[in-house]
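**Student:** Would you mind keeping the following structure in view while I ask a few things?
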Amino acid sequence: MIVETSDLWRTFGGVAAVAGVNFRLEPGELRCLIGSNGAGKSTFFKLLTGQLRPSKGHISILGRQTTTSQPFEISRLGVGIKTQVPNLFEGLSVRENLHLAARRTYAGKAARLAAEAMLDDIELADRAGVPVRELSHGQRQWVELGMVLVSEPKLVLLDEPAAGMTQAEVERTAMLLQRMRKDRAFIIVEHDMHFVRNIAERVTVFHRGRILVEDTMEAVTSNAEVRNAYLGQKFGKDHD
Amino acid sequence: MKTELTSPAFIAALVIGGAIVFAAPLFLETYDLFNFTVFAIMAMLAISLNFVWGIGGILSLGQALFFGLGGYAYAITAINLGSGWGLLAAIAVPCLFALIVGYVAFYGRISDVYFGVVSLTISLILYNFVNSTSDAFYTIGAARLGGYNGIPSVPPIQAPWAAQPLGFEAMYMLCALTALVFYLGVRLFVRAPFGRVIVAVRENDLRAELLGYDPRYHRLVVFAIGAAMSGLAGAFFAAWGAFIGPDTFSVSFAAQAIIWVLFGGLGTLIGPVVGALSVSWFTTWLGEVRLLDPNIALGLLFIISVLLVPNGMVPALRRVLERLRIVKERADT
Ligand SMILES: Nc1ncnc2c1ncn2[C@@H]1O[C@H](COP(=O)(O)OP(=O)(O)OP(=O)(O)O)[C@@H](O)[C@H]1O
Ligand SMILES: [Mg+2]
């Protein structure tokens, strides 16, 4: 099992952002996580990566108990995350952002080569020396995606990787992900239904901190409960 | 690393810096040499503050307290055991102190601003404590702490193989060369793999941590190295004036170091040196001509630099030069 949570809770004051989630992810699975704003998806990611401590419950990742681990310890198990808000070394060049990520896995020259290869993959080789703060929003998303993938993580968490992208950029992102798929496990939070339909195998629907349904995309889109809770407001639109 | 050591800019900095240091005694009066020695010591403090704050992103507002700790550690140890042990103590004591404070602060994940306040508070506590040690009870071996009177007759630095302690000229040389080594060391550090991670942690500690770097550990290392650097500067200061007093723990001294770094350019490599030298020289000159109270002048300088050159003189000058170059290029074509 790549990820296993049991009765996972996280409350803020009186509000339960994650309320008793039992989640399992098999090796090699690509899971999409959907749910309306405030459903608890990002909070769930923060719990998995150690940015937040659970109020209750347990997390095991790649066979280790990580309930009280520090973020860097979880990262070192082979977990990469692209957070919902951009999270980059803004003042450093694209190349250096990737290199700092690659260095976690590769030593010396191999890290440089891996960073260069990723520059090509995210099609930013011609902007390698530019500080990332000078890039467009979509390009910055790719740099962060590249940082996550260049360290060859076993589990990849992506929180809205296509947010704020043009339709063309969204498609390129989906293609990039397919190429980087290998035999890795992914959990992807995304509001863009077009994107989700494109890449998803199984879909987990979050609603008010709980798992509402877990099924194939077809089954989920035809589920009445899901339509009420989330998709009803969603169909016909690609962005919110 | 290899490319950095052989880069033209690095070699130029080394040659020019070395030449100025070695040539200065040829055309400086003893009195000026004496002043330049303390300027070099202040440059060392400025470089260490910039290292911790500008490079490491740690808001160490009370960094000067390590200078004071180093000065006292040197004075007490040198009086009892000789200057060699004194220098070692001046590096080890602040470094250990920083490891303890840093461990509590960084591993307890206290926030950045809070850390700044804590570091100033520690300065104040030390200031009050040392000021209250006039009683003979506060005697370590042959060294009396002396409270607000400080410790007089601090021994000068003497090499173990030498018959005499360092004279004016040799002391100047030691301080200037050490300042140069600090500058070059920080330069190399920020380009080394470990230094890049330090910069990454400063840029975005969450991202660094999510990549698997432990920001707490990296901050602690930077903080401890910076404290050791400040401590050595404090030892040189105590040896230079044969005196160390509690004013080195005062908030106004801590503020001076901050002003040098801000005025010169926080986070730049040469800026803090420029700031320390120009502001120290300026306040010394003000003291001589008695035009304006140096503290008021420092305050004004602080306000002016924050308002007019918020990134410091060195980046501002760079921008002016860059603009001139563009204007010239346009004129040429
Ligand atoms: N640090 C916090 N302090 C207080 N409340 C929080 C905090 N973080 C999240 N919440 C609350 O927890 C709930 C879940 O938030 P979360 O960000 O996990 O939702 P989400 O599913 O990611 O939504 P979105 O699709 O808008 O990103 C929300 O009600 C939010 O207001
Ligand atoms: Mg979210």
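Letters A, B, ... go to the chains of the structure tokens in the order shown; residues in each chain start at 1; ligands are counted from 1 in the same order.
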Give me the residues within 10 Å of Phe129 of chain B as a ChimeraX atom specification, counting only C-alpha atoms and dropping any in the same chain fewer than 5 places off.
**Tutor:** /B:123-124,147-148,246,249
**Student:** Write as a list in words the residues around ligand 1, taking 6 Å as the cut-off and counting only C-alpha atoms and all ligand atoms.
**Tutor:**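 Every residue with an atom at most 6 Å from ligand 1 is listed here: Phe12, Ala17, Ser36, Asn37, Gly38, Ala39, Gly40, Lys41, Ser42 and Thr43 of chain A.
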**Student:** Once you count only C-alpha atoms and all ligand atoms, what closest atom pair and distance in Å to one decimal does each residue of chain A within 12 Å of ligand 2 have, with rows by chain and rising residue number, as a Markdown table?
**Tutor:**
```
| residue | atom | partner | partner_atom_place_in_ligand_line | distance |
| --- | --- | --- | --- | --- |
| A:Ala17 | CA | ligand 2 | 1 (Mg) | 10.9 |
| A:Leu33 | CA | ligand 2 | 1 (Mg) | 10.4 |
| A:Ile34 | CA | ligand 2 | 1 (Mg) | 9.8 |
| A:Gly35 | CA | ligand 2 | 1 (Mg) | 9.4 |
| A:Ser36 | CA | ligand 2 | 1 (Mg) | 9.2 |
| A:Asn37 | CA | ligand 2 | 1 (Mg) | 7.0 |
| A:Gly38 | CA | ligand 2 | 1 (Mg) | 6.9 |
| A:Ala39 | CA | ligand 2 | 1 (Mg) | 8.0 |
| A:Gly40 | CA | ligand 2 | 1 (Mg) | 6.9 |
| A:Lys41 | CA | ligand 2 | 1 (Mg) | 5.4 |
| A:Ser42 | CA | ligand 2 | 1 (Mg) | 4.0 |
| A:Thr43 | CA | ligand 2 | 1 (Mg) | 7.2 |
| A:Phe44 | CA | ligand 2 | 1 (Mg) | 9.0 |
| A:Phe45 | CA | ligand 2 | 1 (Mg) | 8.8 |
| A:Lys46 | CA | ligand 2 | 1 (Mg) | 9.9 |
| A:Lys82 | CA | ligand 2 | 1 (Mg) | 11.5 |
| A:Thr83 | CA | ligand 2 | 1 (Mg) | 8.6 |
| A:Gln84 | CA | ligand 2 | 1 (Mg) | 6.0 |
| A:Val85 | CA | ligand 2 | 1 (Mg) | 8.7 |
| A:Leu158 | CA | ligand 2 | 1 (Mg) | 10.4 |
| A:Asp159 | CA | ligand 2 | 1 (Mg) | 6.7 |
| A:Glu160 | CA | ligand 2 | 1 (Mg) | 7.6 |
| A:Pro161 | CA | ligand 2 | 1 (Mg) | 11.1 |
| A:Ala163 | CA | ligand 2 | 1 (Mg) | 10.7 |
| A:Ile188 | CA | ligand 2 | 1 (Mg) | 11.1 |
| A:Val189 | CA | ligand 2 | 1 (Mg) | 7.8 |
| A:Glu190 | CA | ligand 2 | 1 (Mg) | 8.9 |
| A:His191 | CA | ligand 2 | 1 (Mg) | 9.6 |
| A:Phe206 | CA | ligand 2 | 1 (Mg) | 11.2 |
| A:Gly209 | CA | ligand 2 | 1 (Mg) | 11.8 |
```
**Student:** Could you work out which residues of chain B fall inside 7 Å of chain A? Count only C-alpha atoms, and format the result as a list in words.
**Tutor:** Ala200, Glu203, Asn204, Arg207, Glu209, Leu210, Leu211, Gly212, Tyr213 and Asp214 of chain B
**Student:** Create the file for the chosen residues now, containing all heavy atoms and written as a PDB file, in the first residue's frame.
**Tutor:**
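Listed below is the output, again-v1.pdb:
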```
ATOM      1  N   ALA B 200      18.289  28.594  -0.570  1.00  0.00           N
ATOM      2  CA  ALA B 200      16.964  28.042  -0.866  1.00  0.00           C
ATOM      3  C   ALA B 200      16.062  28.108   0.365  1.00  0.00           C
ATOM      4  O   ALA B 200      14.887  28.474   0.266  1.00  0.00           O
ATOM      5  CB  ALA B 200      17.083  26.602  -1.359  1.00  0.00           C
ATOM      6  N   GLU B 203      14.924  31.599   0.735  1.00  0.00           N
ATOM      7  CA  GLU B 203      13.937  31.953  -0.289  1.00  0.00           C
ATOM      8  C   GLU B 203      12.558  31.386   0.045  1.00  0.00           C
ATOM      9  O   GLU B 203      11.555  32.054  -0.150  1.00  0.00           O
ATOM     10  CB  GLU B 203      14.381  31.417  -1.647  1.00  0.00           C
ATOM     11  CG  GLU B 203      15.503  32.199  -2.297  1.00  0.00           C
ATOM     12  CD  GLU B 203      14.984  33.412  -3.051  1.00  0.00           C
ATOM     13  OE1 GLU B 203      13.914  33.310  -3.662  1.00  0.00           O
ATOM     14  OE2 GLU B 203      15.654  34.462  -3.011  1.00  0.00           O
ATOM     15  N   ASN B 204      12.516  30.126   0.478  1.00  0.00           N
ATOM     16  CA  ASN B 204      11.225  29.480   0.728  1.00  0.00           C
ATOM     17  C   ASN B 204      11.475  28.226   1.563  1.00  0.00           C
ATOM     18  O   ASN B 204      11.760  27.152   1.027  1.00  0.00           O
ATOM     19  CB  ASN B 204      10.575  29.127  -0.615  1.00  0.00           C
ATOM     20  CG  ASN B 204       9.175  28.563  -0.446  1.00  0.00           C
ATOM     21  OD1 ASN B 204       8.799  28.113   0.631  1.00  0.00           O
ATOM     22  ND2 ASN B 204       8.403  28.575  -1.511  1.00  0.00           N
ATOM     23  N   ARG B 207       9.187  25.123   0.771  1.00  0.00           N
ATOM     24  CA  ARG B 207       9.551  24.393  -0.434  1.00  0.00           C
ATOM     25  C   ARG B 207      10.812  23.553  -0.180  1.00  0.00           C
ATOM     26  O   ARG B 207      10.883  22.383  -0.561  1.00  0.00           O
ATOM     27  CB  ARG B 207       9.746  25.370  -1.599  1.00  0.00           C
ATOM     28  CG  ARG B 207      10.146  24.766  -2.930  1.00  0.00           C
ATOM     29  CD  ARG B 207       9.631  23.382  -3.203  1.00  0.00           C
ATOM     30  NE  ARG B 207       8.320  23.293  -3.814  1.00  0.00           N
ATOM     31  CZ  ARG B 207       7.587  22.174  -3.823  1.00  0.00           C
ATOM     32  NH1 ARG B 207       8.031  21.067  -3.215  1.00  0.00           N
ATOM     33  NH2 ARG B 207       6.422  22.146  -4.381  1.00  0.00           N
ATOM     34  N   GLU B 209      11.819  22.347   2.575  1.00  0.00           N
ATOM     35  CA  GLU B 209      11.485  21.208   3.430  1.00  0.00           C
ATOM     36  C   GLU B 209      10.716  20.138   2.658  1.00  0.00           C
ATOM     37  O   GLU B 209      10.951  18.943   2.844  1.00  0.00           O
ATOM     38  CB  GLU B 209      10.676  21.678   4.647  1.00  0.00           C
ATOM     39  CG  GLU B 209      10.296  20.513   5.538  1.00  0.00           C
ATOM     40  CD  GLU B 209      10.175  20.883   7.006  1.00  0.00           C
ATOM     41  OE1 GLU B 209      10.002  22.066   7.310  1.00  0.00           O
ATOM     42  OE2 GLU B 209      10.270  19.953   7.834  1.00  0.00           O
ATOM     43  N   LEU B 210       9.824  20.573   1.772  1.00  0.00           N
ATOM     44  CA  LEU B 210       9.055  19.603   0.990  1.00  0.00           C
ATOM     45  C   LEU B 210       9.930  18.872  -0.025  1.00  0.00           C
ATOM     46  O   LEU B 210       9.551  17.837  -0.558  1.00  0.00           O
ATOM     47  CB  LEU B 210       7.881  20.293   0.286  1.00  0.00           C
ATOM     48  CG  LEU B 210       6.779  20.816   1.214  1.00  0.00           C
ATOM     49  CD1 LEU B 210       5.729  21.592   0.439  1.00  0.00           C
ATOM     50  CD2 LEU B 210       6.128  19.681   1.998  1.00  0.00           C
ATOM     51  N   LEU B 211      11.117  19.438  -0.291  1.00  0.00           N
ATOM     52  CA  LEU B 211      12.077  18.723  -1.145  1.00  0.00           C
ATOM     53  C   LEU B 211      12.947  17.771  -0.324  1.00  0.00           C
ATOM     54  O   LEU B 211      13.752  17.031  -0.881  1.00  0.00           O
ATOM     55  CB  LEU B 211      12.976  19.710  -1.892  1.00  0.00           C
ATOM     56  CG  LEU B 211      12.331  20.552  -2.989  1.00  0.00           C
ATOM     57  CD1 LEU B 211      13.361  21.479  -3.609  1.00  0.00           C
ATOM     58  CD2 LEU B 211      11.708  19.675  -4.055  1.00  0.00           C
ATOM     59  N   GLY B 212      12.834  17.852   0.998  1.00  0.00           N
ATOM     60  CA  GLY B 212      13.594  16.920   1.821  1.00  0.00           C
ATOM     61  C   GLY B 212      14.759  17.543   2.571  1.00  0.00           C
ATOM     62  O   GLY B 212      15.545  16.830   3.198  1.00  0.00           O
ATOM     63  N   TYR B 213      14.916  18.878   2.480  1.00  0.00           N
ATOM     64  CA  TYR B 213      15.954  19.538   3.264  1.00  0.00           C
ATOM     65  C   TYR B 213      15.380  19.909   4.635  1.00  0.00           C
ATOM     66  O   TYR B 213      14.238  20.360   4.715  1.00  0.00           O
ATOM     67  CB  TYR B 213      16.438  20.811   2.570  1.00  0.00           C
ATOM     68  CG  TYR B 213      17.079  20.558   1.221  1.00  0.00           C
ATOM     69  CD1 TYR B 213      16.406  20.863   0.042  1.00  0.00           C
ATOM     70  CD2 TYR B 213      18.357  20.011   1.134  1.00  0.00           C
ATOM     71  CE1 TYR B 213      16.984  20.630  -1.200  1.00  0.00           C
ATOM     72  CE2 TYR B 213      18.942  19.782  -0.106  1.00  0.00           C
ATOM     73  CZ  TYR B 213      18.253  20.093  -1.261  1.00  0.00           C
ATOM     74  OH  TYR B 213      18.831  19.865  -2.476  1.00  0.00           O
ATOM     75  N   ASP B 214      16.193  19.752   5.666  1.00  0.00           N
ATOM     76  CA  ASP B 214      15.743  20.112   7.006  1.00  0.00           C
ATOM     77  C   ASP B 214      16.127  21.563   7.297  1.00  0.00           C
ATOM     78  O   ASP B 214      17.284  21.853   7.571  1.00  0.00           O
ATOM     79  CB  ASP B 214      16.386  19.175   8.039  1.00  0.00           C
ATOM     80  CG  ASP B 214      15.878  19.433   9.448  1.00  0.00           C
ATOM     81  OD1 ASP B 214      15.119  20.407   9.642  1.00  0.00           O
ATOM     82  OD2 ASP B 214      16.252  18.670  10.352  1.00  0.00           O
TER      83      ASP B 214
END
```
**Student:** Which of segment 48-180 of chain A end up as strand (DSSP E or B) when DSSP is run on this backbone - answer as a list in words?
**Tutor:**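 Here are the strand (DSSP E or B) residues of segment 48-180 of chain A: Lys56, Gly57, His58, Ile59, Ser60, Ile61, Arg64, Gln65, Val79, Gly80, Ile81, Lys82, Ser93, Pro131, Leu155, Val156, Leu157, Leu158 and Asp159 of chain A.
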**Student:** Could you please take those selected residues and save all heavy atoms as a CSV table (one decimal), in the first residue's frame?
**Tutor:**
```csv
chain,number,residue,atom,x,y,z
A,56,LYS,N,-6.5,13.5,15.0
A,56,LYS,CA,-6.8,12.1,15.4
A,56,LYS,C,-6.5,11.2,14.2
A,56,LYS,O,-6.6,11.7,13.0
A,56,LYS,CB,-8.3,12.1,15.7
A,56,LYS,CG,-8.7,10.9,16.6
A,56,LYS,CD,-10.2,11.0,16.8
A,56,LYS,CE,-10.8,9.5,16.8
A,56,LYS,NZ,-12.2,9.5,16.5
A,57,GLY,N,-6.2,10.0,14.4
A,57,GLY,CA,-6.1,9.0,13.3
A,57,GLY,C,-4.6,8.8,13.0
A,57,GLY,O,-3.7,9.3,13.6
A,58,HIS,N,-4.4,7.9,12.0
A,58,HIS,CA,-3.1,7.5,11.6
A,58,HIS,C,-2.9,7.6,10.1
A,58,HIS,O,-3.8,7.5,9.3
A,58,HIS,CB,-2.9,6.1,12.0
A,58,HIS,CG,-2.8,5.9,13.5
A,58,HIS,ND1,-1.7,6.2,14.3
A,58,HIS,CD2,-3.8,5.6,14.4
A,58,HIS,CE1,-2.0,6.0,15.6
A,58,HIS,NE2,-3.3,5.6,15.7
A,59,ILE,N,-1.6,7.8,9.8
A,59,ILE,CA,-1.2,7.8,8.4
A,59,ILE,C,0.0,6.9,8.2
A,59,ILE,O,0.9,6.9,9.0
A,59,ILE,CB,-0.8,9.3,7.9
A,59,ILE,CG1,-1.8,10.3,8.2
A,59,ILE,CG2,-0.4,9.3,6.4
A,59,ILE,CD1,-1.4,11.7,8.0
A,60,SER,N,-0.1,6.1,7.1
A,60,SER,CA,1.1,5.3,6.8
A,60,SER,C,1.4,5.6,5.3
A,60,SER,O,0.5,5.5,4.5
A,60,SER,CB,1.0,3.9,7.2
A,60,SER,OG,0.8,3.1,6.1
A,61,ILE,N,2.6,5.9,5.0
A,61,ILE,CA,3.0,6.1,3.6
A,61,ILE,C,4.2,5.2,3.3
A,61,ILE,O,5.2,5.2,4.0
A,61,ILE,CB,3.4,7.6,3.4
A,61,ILE,CG1,2.1,8.5,3.6
A,61,ILE,CG2,4.0,7.9,2.1
A,61,ILE,CD1,2.4,10.0,3.6
A,64,ARG,N,5.5,3.2,6.0
A,64,ARG,CA,6.0,3.7,7.3
A,64,ARG,C,4.9,4.5,8.0
A,64,ARG,O,4.1,5.1,7.3
A,64,ARG,CB,7.1,4.7,7.0
A,64,ARG,CG,8.3,4.2,6.4
A,64,ARG,CD,9.3,3.6,7.4
A,64,ARG,NE,10.5,3.3,6.7
A,64,ARG,CZ,11.6,4.2,6.6
A,64,ARG,NH1,11.5,5.3,7.2
A,64,ARG,NH2,12.6,3.8,6.0
A,65,GLN,N,4.9,4.4,9.3
A,65,GLN,CA,4.0,5.3,10.1
A,65,GLN,C,4.5,6.7,10.0
A,65,GLN,O,5.7,7.0,10.4
A,65,GLN,CB,4.0,4.9,11.5
A,65,GLN,CG,3.0,3.8,11.9
A,65,GLN,CD,1.6,4.3,11.7
A,65,GLN,OE1,1.2,5.4,12.0
A,65,GLN,NE2,0.7,3.4,11.1
A,79,VAL,N,8.3,11.2,-1.4
A,79,VAL,CA,7.0,11.8,-1.6
A,79,VAL,C,7.2,13.3,-2.1
A,79,VAL,O,8.0,14.0,-1.5
A,79,VAL,CB,6.2,11.9,-0.3
A,79,VAL,CG1,4.8,12.6,-0.5
A,79,VAL,CG2,5.9,10.5,0.3
A,80,GLY,N,6.7,13.6,-3.3
A,80,GLY,CA,6.8,14.9,-3.8
A,80,GLY,C,5.5,15.6,-3.9
A,80,GLY,O,4.4,14.9,-4.1
A,81,ILE,N,5.4,16.9,-3.6
A,81,ILE,CA,4.1,17.6,-3.6
A,81,ILE,C,4.3,18.9,-4.4
A,81,ILE,O,5.2,19.6,-4.2
A,81,ILE,CB,3.5,17.8,-2.2
A,81,ILE,CG1,2.2,18.6,-2.3
A,81,ILE,CG2,4.5,18.6,-1.3
A,81,ILE,CD1,1.4,18.6,-1.0
A,82,LYS,N,3.3,19.2,-5.2
A,82,LYS,CA,3.1,20.5,-5.8
A,82,LYS,C,1.9,21.1,-5.0
A,82,LYS,O,0.8,20.5,-5.1
A,82,LYS,CB,2.8,20.5,-7.3
A,82,LYS,CG,2.7,21.9,-7.9
A,82,LYS,CD,1.9,21.9,-9.2
A,82,LYS,CE,0.7,22.8,-9.2
A,82,LYS,NZ,0.5,23.8,-8.2
A,93,SER,N,17.1,30.9,-10.3
A,93,SER,CA,16.8,30.6,-11.7
A,93,SER,C,16.0,29.3,-11.8
A,93,SER,O,16.0,28.4,-10.9
A,93,SER,CB,18.1,30.4,-12.5
A,93,SER,OG,18.8,29.3,-12.1
A,131,PRO,N,15.2,34.1,-13.3
A,131,PRO,CA,14.6,33.8,-12.0
A,131,PRO,C,13.1,33.4,-12.2
A,131,PRO,O,12.4,34.1,-13.0
A,131,PRO,CB,14.7,35.2,-11.3
A,131,PRO,CG,15.7,35.9,-12.0
A,131,PRO,CD,15.7,35.4,-13.4
A,155,LEU,N,5.7,8.6,-4.7
A,155,LEU,CA,4.4,9.1,-4.6
A,155,LEU,C,4.3,10.6,-4.9
A,155,LEU,O,5.1,11.4,-4.4
A,155,LEU,CB,3.9,8.9,-3.2
A,155,LEU,CG,2.5,9.6,-2.8
A,155,LEU,CD1,1.4,9.0,-3.6
A,155,LEU,CD2,2.2,9.5,-1.3
A,156,VAL,N,3.5,11.0,-5.8
A,156,VAL,CA,3.4,12.4,-6.3
A,156,VAL,C,2.0,12.9,-5.9
A,156,VAL,O,1.0,12.3,-6.3
A,156,VAL,CB,3.6,12.5,-7.8
A,156,VAL,CG1,3.5,13.9,-8.2
A,156,VAL,CG2,4.9,11.8,-8.2
A,157,LEU,N,2.0,14.0,-5.2
A,157,LEU,CA,0.8,14.7,-4.8
A,157,LEU,C,0.7,16.0,-5.6
A,157,LEU,O,1.7,16.8,-5.5
A,157,LEU,CB,0.7,15.0,-3.3
A,157,LEU,CG,1.0,13.8,-2.4
A,157,LEU,CD1,0.9,14.3,-0.9
A,157,LEU,CD2,0.0,12.7,-2.6
A,158,LEU,N,-0.3,16.3,-6.4
A,158,LEU,CA,-0.4,17.5,-7.1
A,158,LEU,C,-1.8,18.2,-6.7
A,158,LEU,O,-2.8,17.6,-6.9
A,158,LEU,CB,-0.4,17.2,-8.6
A,158,LEU,CG,0.8,16.4,-9.1
A,158,LEU,CD1,0.6,16.1,-10.6
A,158,LEU,CD2,2.1,17.2,-8.9
A,159,ASP,N,-1.6,19.4,-6.2
A,159,ASP,CA,-2.8,20.1,-5.8
A,159,ASP,C,-3.1,21.2,-6.8
A,159,ASP,O,-2.5,22.2,-6.9
A,159,ASP,CB,-2.6,20.8,-4.4
A,159,ASP,CG,-3.9,21.2,-3.7
A,159,ASP,OD1,-4.9,21.2,-4.4
A,159,ASP,OD2,-3.9,21.4,-2.5
```
**Student:** I need the residues of segment 28-195 of chain A that end up classed as helix (DSSP H, G or I) by DSSP on the backbone, written out as a ChimeraX atom specification.
**Tutor:** /A:41-48,71-76,94-102,108-121,125-127,132-134,137-150,167-179,193-195
**Student:** Quick check, in Å to one decimal: how far apart do atom CA of Ser132 of chain B and atom CA of Gly71 of chain B lie?
**Tutor:**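 Interatomic distance here is 17.4 Å.
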**Student:** Find the residues near segment 256-259 of chain B: any atom within 9 Å, counting only C-alpha atoms, skip ones fewer than 4 places away on the same chain, and give them as a list in words.
**Tutor:**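 Counting only the stated atoms, we get Met42, Leu45, Ala46, Leu49, Asn50, Leu61, Gly62, Gln63, Ala64, Val251, Ser252, Phe263, Gly264, Gly275, Ala276, Val279, Leu298, Gly299, Leu301, Phe302 and Ser305 of chain B.
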**Student:** Using only C-alpha atoms, can you tell me which of B:Asn295, B:Ser119, B:Thr284, B:Asn311 comes closest to Ile58 of chain B?
**Tutor:**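 Distance minimum relative to Ile58 of chain B lands on B:Ser119.
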**Student:** So how many Å separate atom CA of Arg24 of chain A and atom CA of Val205 of chain A, to one decimal?
**Tutor:**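 Distance reported for this atom pair: 13.4 Å.
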**Student:** For segment 212-218 of chain A, work out the shell of residues within 7 Å, counting only C-alpha atoms and skipping chain neighbours fewer than 4 positions away, then give it as a PDB file with N, CA, C and O atoms, in the first residue's frame.
**Tutor:**
```pdb
ATOM      1  N   ARG A 197     -11.118  14.073 -16.586  1.00  0.00           N
ATOM      2  CA  ARG A 197     -11.628  13.029 -17.481  1.00  0.00           C
ATOM      3  C   ARG A 197     -10.505  12.483 -18.354  1.00  0.00           C
ATOM      4  O   ARG A 197     -10.454  11.304 -18.670  1.00  0.00           O
ATOM      5  N   ALA A 200      -7.872  10.610 -15.421  1.00  0.00           N
ATOM      6  CA  ALA A 200      -8.222   9.848 -14.225  1.00  0.00           C
ATOM      7  C   ALA A 200      -8.528   8.388 -14.520  1.00  0.00           C
ATOM      8  O   ALA A 200      -9.025   8.044 -15.590  1.00  0.00           O
ATOM      9  N   GLU A 201      -8.173   7.534 -13.573  1.00  0.00           N
ATOM     10  CA  GLU A 201      -8.609   6.150 -13.597  1.00  0.00           C
ATOM     11  C   GLU A 201      -9.717   6.004 -12.561  1.00  0.00           C
ATOM     12  O   GLU A 201     -10.872   5.840 -12.888  1.00  0.00           O
ATOM     13  N   ARG A 202      -9.323   6.131 -11.302  1.00  0.00           N
ATOM     14  CA  ARG A 202     -10.328   6.161 -10.248  1.00  0.00           C
ATOM     15  C   ARG A 202     -10.402   7.565  -9.660  1.00  0.00           C
ATOM     16  O   ARG A 202      -9.414   8.300  -9.650  1.00  0.00           O
ATOM     17  N   VAL A 203     -11.585   7.906  -9.184  1.00  0.00           N
ATOM     18  CA  VAL A 203     -11.816   9.240  -8.639  1.00  0.00           C
ATOM     19  C   VAL A 203     -12.359   9.115  -7.224  1.00  0.00           C
ATOM     20  O   VAL A 203     -13.223   8.278  -6.957  1.00  0.00           O
ATOM     21  N   THR A 204     -11.804   9.957  -6.330  1.00  0.00           N
ATOM     22  CA  THR A 204     -12.327  10.037  -4.970  1.00  0.00           C
ATOM     23  C   THR A 204     -12.999  11.391  -4.807  1.00  0.00           C
ATOM     24  O   THR A 204     -12.408  12.412  -5.132  1.00  0.00           O
ATOM     25  N   VAL A 205     -14.243  11.386  -4.348  1.00  0.00           N
ATOM     26  CA  VAL A 205     -14.955  12.648  -4.153  1.00  0.00           C
ATOM     27  C   VAL A 205     -14.969  12.988  -2.666  1.00  0.00           C
ATOM     28  O   VAL A 205     -15.447  12.200  -1.849  1.00  0.00           O
ATOM     29  N   PHE A 206     -14.420  14.162  -2.349  1.00  0.00           N
ATOM     30  CA  PHE A 206     -14.445  14.671  -0.975  1.00  0.00           C
ATOM     31  C   PHE A 206     -15.655  15.576  -0.805  1.00  0.00           C
ATOM     32  O   PHE A 206     -15.983  16.351  -1.702  1.00  0.00           O
ATOM     33  N   HIS A 207     -16.288  15.476   0.348  1.00  0.00           N
ATOM     34  CA  HIS A 207     -17.367  16.403   0.650  1.00  0.00           C
ATOM     35  C   HIS A 207     -17.376  16.648   2.159  1.00  0.00           C
ATOM     36  O   HIS A 207     -17.506  15.721   2.935  1.00  0.00           O
ATOM     37  N   SER A 222     -22.146   9.992 -12.932  1.00  0.00           N
ATOM     38  CA  SER A 222     -23.571   9.671 -13.007  1.00  0.00           C
ATOM     39  C   SER A 222     -24.193   9.478 -11.628  1.00  0.00           C
ATOM     40  O   SER A 222     -25.374   9.215 -11.519  1.00  0.00           O
TER      41      SER A 222
END
```
**Student:** What's around segment 82-94 of chain B at 12 Å? Count only C-alpha atoms, leave out sequence neighbours fewer than 3 positions away in its own chain, and write the answer as a PyMOL selection string.
**Tutor:** chain B and resi 63-79+97-102+142-143+154-162+165-166+223-239+242
**Student:** Show which residues sit within 7 Å of Ser60 of chain B, as a CSV table (one decimal) with all heavy atoms, in the first residue's frame. Count only C-alpha atoms, and ignore same-chain residues fewer than 6 positions away.
**Tutor:**
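Ended up saving to part_31.csv:
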```
chain,number,residue,atom,x,y,z
B,52,VAL,N,24.4,35.8,8.4
B,52,VAL,CA,23.3,35.2,9.1
B,52,VAL,C,22.0,35.7,8.6
B,52,VAL,O,21.0,35.0,8.4
B,52,VAL,CB,23.4,35.4,10.7
B,52,VAL,CG1,22.2,35.0,11.4
B,52,VAL,CG2,24.6,34.7,11.2
B,53,TRP,N,21.9,37.0,8.4
B,53,TRP,CA,20.6,37.7,8.1
B,53,TRP,C,20.4,37.8,6.6
B,53,TRP,O,19.4,37.3,6.1
B,53,TRP,CB,20.7,39.1,8.7
B,53,TRP,CG,19.4,39.9,8.6
B,53,TRP,CD1,18.2,39.4,8.3
B,53,TRP,CD2,19.3,41.3,8.7
B,53,TRP,NE1,17.3,40.5,8.2
B,53,TRP,CE2,18.0,41.6,8.5
B,53,TRP,CE3,20.2,42.3,9.1
B,53,TRP,CZ2,17.5,43.0,8.6
B,53,TRP,CZ3,19.8,43.6,9.2
B,53,TRP,CH2,18.4,43.9,8.9
B,116,GLY,N,13.8,37.7,16.0
B,116,GLY,CA,14.5,39.0,16.1
B,116,GLY,C,14.3,39.6,17.4
B,116,GLY,O,15.3,40.1,18.1
B,119,SER,N,16.3,37.7,20.1
B,119,SER,CA,17.8,37.9,20.0
B,119,SER,C,18.1,39.2,20.6
B,119,SER,O,19.1,39.4,21.3
B,119,SER,CB,18.3,37.7,18.6
B,119,SER,OG,18.1,38.9,17.8
```
**Student:** Got a sec: who's within 12 Å of Arg179 of chain A, counting only C-alpha atoms, leaving out chain neighbours fewer than 2 positions off, as a PyMOL selection string?
**Tutor:** chain A and resi 118+121-122+149+172-177+181-184+199
**Student:** Which distance in Å separates atom CA of Lys109 of chain A and atom CA of Pro193 of chain B, to one decimal?
**Tutor:**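 Result for atom CA of Lys109 of chain A versus atom CA of Pro193 of chain B: 12.2 Å, one decimal.
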